[in-house]
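Data block for run_10.cif (mmCIF, C-alpha atoms):
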```cif
data_run
loop_
_atom_site.group_PDB
_atom_site.id
_atom_site.type_symbol
_atom_site.label_atom_id
_atom_site.label_comp_id
_atom_site.auth_asym_id
_atom_site.auth_seq_id
_atom_site.Cartn_x
_atom_site.Cartn_y
_atom_site.Cartn_z
ATOM 1 C CA MET A 251 -15.307 23.370 32.892
ATOM 2 C CA ASN A 252 -14.057 19.780 32.998
ATOM 3 C CA LYS A 253 -10.718 19.693 34.813
ATOM 4 C CA LEU A 254 -10.279 15.939 34.428
ATOM 5 C CA LEU A 255 -8.660 16.340 31.024
ATOM 6 C CA PRO A 256 -5.708 18.721 30.626
ATOM 7 C CA LEU A 257 -6.815 20.033 27.243
ATOM 8 C CA ASP A 258 -6.796 23.793 27.804
ATOM 9 C CA GLY A 259 -5.029 25.355 24.844
ATOM 10 C CA LYS A 260 -4.471 22.048 23.012
ATOM 11 C CA THR A 261 -5.284 21.873 19.314
ATOM 12 C CA ILE A 262 -7.041 18.703 18.187
ATOM 13 C CA VAL A 263 -7.757 17.882 14.561
ATOM 14 C CA LEU A 264 -10.510 15.398 13.787
ATOM 15 C CA HIS A 265 -9.994 13.936 10.291
ATOM 16 C CA ALA A 266 -13.130 12.138 9.079
ATOM 17 C CA ASP A 267 -14.514 10.536 5.922
ATOM 18 C CA ALA A 268 -17.603 11.906 4.221
ATOM 19 C CA GLY A 269 -19.150 11.575 0.826
ATOM 20 C CA PRO A 270 -21.845 9.974 -1.291
ATOM 21 C CA SER A 271 -20.396 6.459 -0.919
ATOM 22 C CA ARG A 272 -19.475 6.878 2.760
ATOM 23 C CA GLY A 273 -22.317 8.910 4.155
ATOM 24 C CA LEU A 274 -21.793 11.228 7.099
ATOM 25 C CA GLY A 275 -21.455 8.829 10.044
ATOM 26 C CA HIS A 276 -17.740 9.404 10.601
ATOM 27 C CA VAL A 277 -18.212 13.167 10.425
ATOM 28 C CA MET A 278 -21.147 13.142 12.839
ATOM 29 C CA ARG A 279 -19.174 10.964 15.273
ATOM 30 C CA SER A 280 -16.253 13.402 14.972
ATOM 31 C CA ILE A 281 -18.508 16.399 15.611
ATOM 32 C CA ALA A 282 -19.859 14.740 18.775
ATOM 33 C CA LEU A 283 -16.337 13.936 19.943
ATOM 34 C CA GLY A 284 -15.234 17.464 19.089
ATOM 35 C CA GLU A 285 -18.031 18.938 21.210
ATOM 36 C CA ALA A 286 -16.824 16.939 24.218
ATOM 37 C CA LEU A 287 -13.215 17.976 23.616
ATOM 38 C CA LEU A 288 -14.254 21.633 23.314
ATOM 39 C CA THR A 289 -15.999 21.316 26.683
ATOM 40 C CA ALA A 290 -12.694 20.062 28.093
ATOM 41 C CA GLY A 291 -10.947 23.209 26.841
ATOM 42 C CA ALA A 292 -9.444 22.095 23.527
ATOM 43 C CA ARG A 293 -9.500 23.944 20.228
ATOM 44 C CA CYS A 294 -11.029 21.512 17.698
ATOM 45 C CA MET A 295 -10.788 21.488 13.949
ATOM 46 C CA LEU A 296 -12.642 19.184 11.568
ATOM 47 C CA ALA A 297 -10.819 18.109 8.402
ATOM 48 C CA SER A 298 -13.102 16.487 5.845
ATOM 49 C CA GLN A 299 -14.037 16.439 2.211
ATOM 50 C CA PRO A 300 -16.500 19.229 1.343
ATOM 51 C CA LEU A 301 -19.568 18.797 3.526
ATOM 52 C CA PRO A 302 -23.187 19.632 2.773
ATOM 53 C CA GLN A 303 -23.883 23.190 3.897
ATOM 54 C CA SER A 304 -26.247 22.019 6.634
ATOM 55 C CA ILE A 305 -23.605 19.736 8.203
ATOM 56 C CA ALA A 306 -20.828 22.311 7.839
ATOM 57 C CA GLY A 307 -23.073 24.881 9.524
ATOM 58 C CA TYR A 308 -23.920 22.444 12.311
ATOM 59 C CA ALA A 309 -20.225 21.720 12.945
ATOM 60 C CA LYS A 310 -19.478 25.443 13.119
ATOM 61 C CA ARG A 311 -22.408 26.065 15.494
ATOM 62 C CA CYS A 312 -21.005 23.306 17.722
ATOM 63 C CA GLY A 313 -17.751 25.277 17.881
ATOM 64 C CA LEU A 314 -15.565 23.296 15.481
ATOM 65 C CA GLU A 315 -13.388 25.037 12.927
ATOM 66 C CA LEU A 316 -13.516 23.535 9.436
ATOM 67 C CA MET A 317 -10.371 22.887 7.445
ATOM 68 C CA ASP A 318 -9.358 21.250 4.193
ATOM 69 C CA PRO A 319 -7.994 17.715 4.783
ATOM 70 C CA GLY A 320 -4.942 18.662 2.689
ATOM 71 C CA ALA A 321 -4.083 21.619 4.909
ATOM 72 C CA ASP A 322 -1.234 21.689 7.405
ATOM 73 C CA LEU A 323 -2.451 19.371 10.150
ATOM 74 C CA ALA A 324 0.107 20.408 12.775
ATOM 75 C CA CYS A 325 -1.601 19.795 16.107
ATOM 76 C CA ASP A 326 -1.311 18.404 19.601
ATOM 77 C CA CYS A 327 -3.520 15.441 18.680
ATOM 78 C CA LEU A 328 -4.832 14.079 15.381
ATOM 79 C CA ILE A 329 -7.840 11.757 15.472
ATOM 80 C CA VAL A 330 -8.448 9.832 12.238
ATOM 81 C CA ASP A 331 -11.860 8.248 11.601
ATOM 82 C CA SER A 332 -11.578 6.908 8.055
ATOM 83 C CA TYR A 333 -11.971 3.737 6.026
ATOM 84 C CA ASP A 334 -10.133 5.338 3.115
ATOM 85 C CA ILE A 335 -6.849 6.214 4.809
ATOM 86 C CA ASP A 336 -4.578 3.188 5.126
ATOM 87 C CA ALA A 337 -1.553 2.736 7.396
ATOM 88 C CA ALA A 338 0.801 4.559 5.001
ATOM 89 C CA GLY A 339 -1.617 7.463 4.649
ATOM 90 C CA ARG A 340 -2.040 7.716 8.414
ATOM 91 C CA ALA A 341 1.741 7.695 8.879
ATOM 92 C CA GLU A 342 1.969 10.697 6.554
ATOM 93 C CA LEU A 343 -0.792 12.527 8.446
ATOM 94 C CA PHE A 344 0.559 11.564 11.860
ATOM 95 C CA ARG A 345 3.976 13.115 11.256
ATOM 96 C CA HIS A 346 2.309 16.476 11.986
ATOM 97 C CA ALA A 347 0.815 15.437 15.330
ATOM 98 C CA GLN A 348 2.250 14.996 18.813
ATOM 99 C CA ARG A 349 -0.407 12.371 19.673
ATOM 100 C CA ARG A 350 -2.164 9.999 17.282
ATOM 101 C CA VAL A 351 -5.601 8.382 17.625
ATOM 102 C CA VAL A 352 -7.391 6.032 15.223
ATOM 103 C CA ILE A 353 -11.088 5.190 15.338
ATOM 104 C CA ASP A 354 -11.669 1.899 13.498
ATOM 105 C CA ASP A 355 -14.984 0.162 13.989
ATOM 106 C CA MET A 356 -14.278 -2.578 11.460
ATOM 107 C CA ARG A 357 -10.854 -3.809 12.661
ATOM 108 C CA ASN A 358 -9.554 -4.135 9.126
ATOM 109 C CA ASN A 359 -7.384 -1.092 8.477
ATOM 110 C CA GLY A 360 -4.173 -1.834 10.401
ATOM 111 C CA PRO A 361 -1.409 -1.681 11.274
ATOM 112 C CA TYR A 362 -2.320 1.352 13.289
ATOM 113 C CA ALA A 363 0.864 2.965 14.738
ATOM 114 C CA ALA A 364 -1.296 5.117 17.010
ATOM 115 C CA ASP A 365 -1.076 6.151 20.637
ATOM 116 C CA LEU A 366 -4.708 5.162 21.070
ATOM 117 C CA LEU A 367 -6.943 2.879 19.018
ATOM 118 C CA ILE A 368 -10.699 3.133 19.532
ATOM 119 C CA ASN A 369 -13.302 0.605 18.438
ATOM 120 C CA PRO A 370 -16.600 2.184 19.527
ATOM 121 C CA ASN A 371 -18.705 -0.927 18.901
ATOM 122 C CA PRO A 372 -20.540 -2.493 21.842
ATOM 123 C CA GLY A 373 -18.744 -5.655 22.884
ATOM 124 C CA ALA A 374 -15.519 -4.687 21.102
ATOM 125 C CA THR A 375 -12.522 -6.679 22.267
ATOM 126 C CA GLU A 376 -8.820 -5.975 22.289
ATOM 127 C CA TYR A 377 -7.083 -5.865 18.947
ATOM 128 C CA ALA A 378 -4.525 -8.579 18.358
#
```
Take the structure in the file and give it back as structure tokens.
Amino acid sequence: MNKLLPLDGKTIVLHADAGPSRGLGHVMRSIALGEALLTAGARCMLASQPLPQSIAGYAKRCGLELMDPGADLACDCLIVDSYDIDAAGRAELFRHAQRRVVIDDMRNNGPYAADLLINPNPGATEYA
């Protein structure tokens, strides 16, 4: 087990976009991140719009718990990967979380009001 991250017993919710107009990229990125967090000892939950059965099954096989995005998101850390949730929406979601993370690969959905902001693009620079 990875002892570099003190995540044993921590609950992390990954909130990701999915749908016909969005595709599944945010969800797949969240599943991959969730797998790594599970390895570090966290309990991970994926909050998303209804997913195709094959993707929902894959997420469950990876060890993630699925939840409705409108459910109580009380958690140690909430990670939001969404183009559709603006700053006001994130503020509402974040009130349930002790730590707040935003993944924004387009740099156009601020202000962020997060503890950590991630731009996963190669060559990404600091946000102004």
Nearby residues, (-24.8, 23.6, 18.5) file frame, 12 Å, all atoms listed in the file, as an MDAnalysis selection string: chainID A and resid 281:282 284:286 288 305:314
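When atom CA of Pro270 of chain A is paired with atom CA of Leu367 of chain A, their separation reads 26.2 Å.
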Ile329 of chain A environment, 8 Å, all atoms listed in the file, sequence neighbours closer than 6 positions dropped, as a PyMOL selection string: chain A and resi 262-265+350-353
The PyMOL selection byres ((chain A and resi 268) around 12) applied to the shown file, residues as a list in words: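 Expected selection for the PyMOL selection byres ((chain A and resi 268) around 12) here is His265, Ala266, Asp267, Gly269, Pro270, Ser271, Arg272, Gly273, Leu274, Gly275, His276, Val277, Met278, Arg279, Ser280, Leu296, Ala297, Ser298, Gln299, Pro300, Leu301, Pro302, Ile305, Ala306, Pro319, Asp331, Ser332, Tyr333 and Asp334 of chain A.
One finds atom CA of Cys325 of chain A at 26.1 Å from atom CA of Met356 of chain A.
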Best match for closeness to Leu366 of chain A among A:Met317, A:Val330, A:Leu343, A:Ala338, counting only C-alpha atoms: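 Using only C-alpha atoms, Leu366 of chain A sits closest to A:Val330.
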Selection under test: the PyMOL selection byres ((chain A and resi 348) around 10); residues as a PyMOL selection string: chain A and resi 324-328+344-347+349-350+365
Selection file, C-alpha atoms, as a PDB file, keeping the file's coordinate frame:
```
ATOM      1  CA  ALA A 324       0.107  20.408  12.775  1.00  0.00           C
ATOM      2  CA  CYS A 325      -1.601  19.795  16.107  1.00  0.00           C
ATOM      3  CA  ASP A 326      -1.311  18.404  19.601  1.00  0.00           C
ATOM      4  CA  CYS A 327      -3.520  15.441  18.680  1.00  0.00           C
ATOM      5  CA  LEU A 328      -4.832  14.079  15.381  1.00  0.00           C
ATOM      6  CA  PHE A 344       0.559  11.564  11.860  1.00  0.00           C
ATOM      7  CA  ARG A 345       3.976  13.115  11.256  1.00  0.00           C
ATOM      8  CA  HIS A 346       2.309  16.476  11.986  1.00  0.00           C
ATOM      9  CA  ALA A 347       0.815  15.437  15.330  1.00  0.00           C
ATOM     10  CA  ARG A 349      -0.407  12.371  19.673  1.00  0.00           C
ATOM     11  CA  ARG A 350      -2.164   9.999  17.282  1.00  0.00           C
ATOM     12  CA  ASP A 365      -1.076   6.151  20.637  1.00  0.00           C
TER      13      ASP A 365
END
```
Counting only C-alpha atoms, the residue of A:Cys294, A:Gln303, A:Asp336, A:Leu316 that sits nearest Asn359 of chain A: A:Asp336
Atomic distance atom CA of Asp355 of chain A - atom CA of Leu323 of chain A, expressed in Å with one decimal: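 So the two atoms, atom CA of Asp355 of chain A and atom CA of Leu323 of chain A, lie 23.3 Å apart.
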Please, could N, CA and C atoms be added to segment 273-296 of chain A and the result written as a compact mmCIF listing (two decimals), keeping the file's coordinate frame?
```
# COMPACT_ATOMS: atom_id res chain seq x y z
N GLY A 273 -21.34 8.31 3.26
CA GLY A 273 -22.32 8.91 4.16
C GLY A 273 -21.64 9.91 5.08
N LEU A 274 -22.30 10.20 6.18
CA LEU A 274 -21.79 11.23 7.10
C LEU A 274 -21.54 10.70 8.51
N GLY A 275 -21.60 9.39 8.70
CA GLY A 275 -21.46 8.83 10.04
C GLY A 275 -20.15 9.18 10.73
N HIS A 276 -19.04 9.09 10.00
CA HIS A 276 -17.74 9.40 10.60
C HIS A 276 -17.67 10.87 11.00
N VAL A 277 -18.22 11.73 10.14
CA VAL A 277 -18.21 13.17 10.42
C VAL A 277 -19.08 13.47 11.64
N MET A 278 -20.26 12.88 11.70
CA MET A 278 -21.15 13.14 12.84
C MET A 278 -20.52 12.64 14.14
N ARG A 279 -19.87 11.47 14.09
CA ARG A 279 -19.17 10.96 15.27
C ARG A 279 -18.05 11.93 15.67
N SER A 280 -17.33 12.46 14.69
CA SER A 280 -16.25 13.40 14.97
C SER A 280 -16.78 14.71 15.55
N ILE A 281 -17.91 15.18 15.05
CA ILE A 281 -18.51 16.40 15.61
C ILE A 281 -18.88 16.18 17.07
N ALA A 282 -19.49 15.04 17.38
CA ALA A 282 -19.86 14.74 18.77
C ALA A 282 -18.61 14.66 19.66
N LEU A 283 -17.58 14.01 19.18
CA LEU A 283 -16.34 13.94 19.94
C LEU A 283 -15.73 15.32 20.10
N GLY A 284 -15.76 16.10 19.03
CA GLY A 284 -15.23 17.46 19.09
C GLY A 284 -15.95 18.32 20.11
N GLU A 285 -17.27 18.18 20.20
CA GLU A 285 -18.03 18.94 21.21
C GLU A 285 -17.54 18.61 22.61
N ALA A 286 -17.31 17.33 22.89
CA ALA A 286 -16.82 16.94 24.22
C ALA A 286 -15.42 17.49 24.47
N LEU A 287 -14.58 17.46 23.46
CA LEU A 287 -13.22 17.98 23.62
C LEU A 287 -13.21 19.49 23.80
N LEU A 288 -14.11 20.19 23.12
CA LEU A 288 -14.25 21.63 23.31
C LEU A 288 -14.65 21.94 24.75
N THR A 289 -15.56 21.14 25.29
CA THR A 289 -16.00 21.32 26.68
C THR A 289 -14.83 21.15 27.65
N ALA A 290 -13.87 20.29 27.26
CA ALA A 290 -12.69 20.06 28.09
C ALA A 290 -11.61 21.11 27.87
N GLY A 291 -11.88 22.10 27.01
CA GLY A 291 -10.95 23.21 26.84
C GLY A 291 -10.09 23.18 25.59
N ALA A 292 -10.26 22.19 24.73
CA ALA A 292 -9.44 22.10 23.53
C ALA A 292 -9.97 23.01 22.43
N ARG A 293 -9.12 23.31 21.49
CA ARG A 293 -9.50 23.94 20.23
C ARG A 293 -9.63 22.80 19.23
N CYS A 294 -10.78 22.65 18.58
CA CYS A 294 -11.03 21.51 17.70
C CYS A 294 -11.27 21.96 16.27
N MET A 295 -10.65 21.23 15.37
CA MET A 295 -10.79 21.49 13.95
C MET A 295 -11.23 20.20 13.27
N LEU A 296 -12.14 20.32 12.31
CA LEU A 296 -12.64 19.18 11.57
C LEU A 296 -12.11 19.24 10.14
```
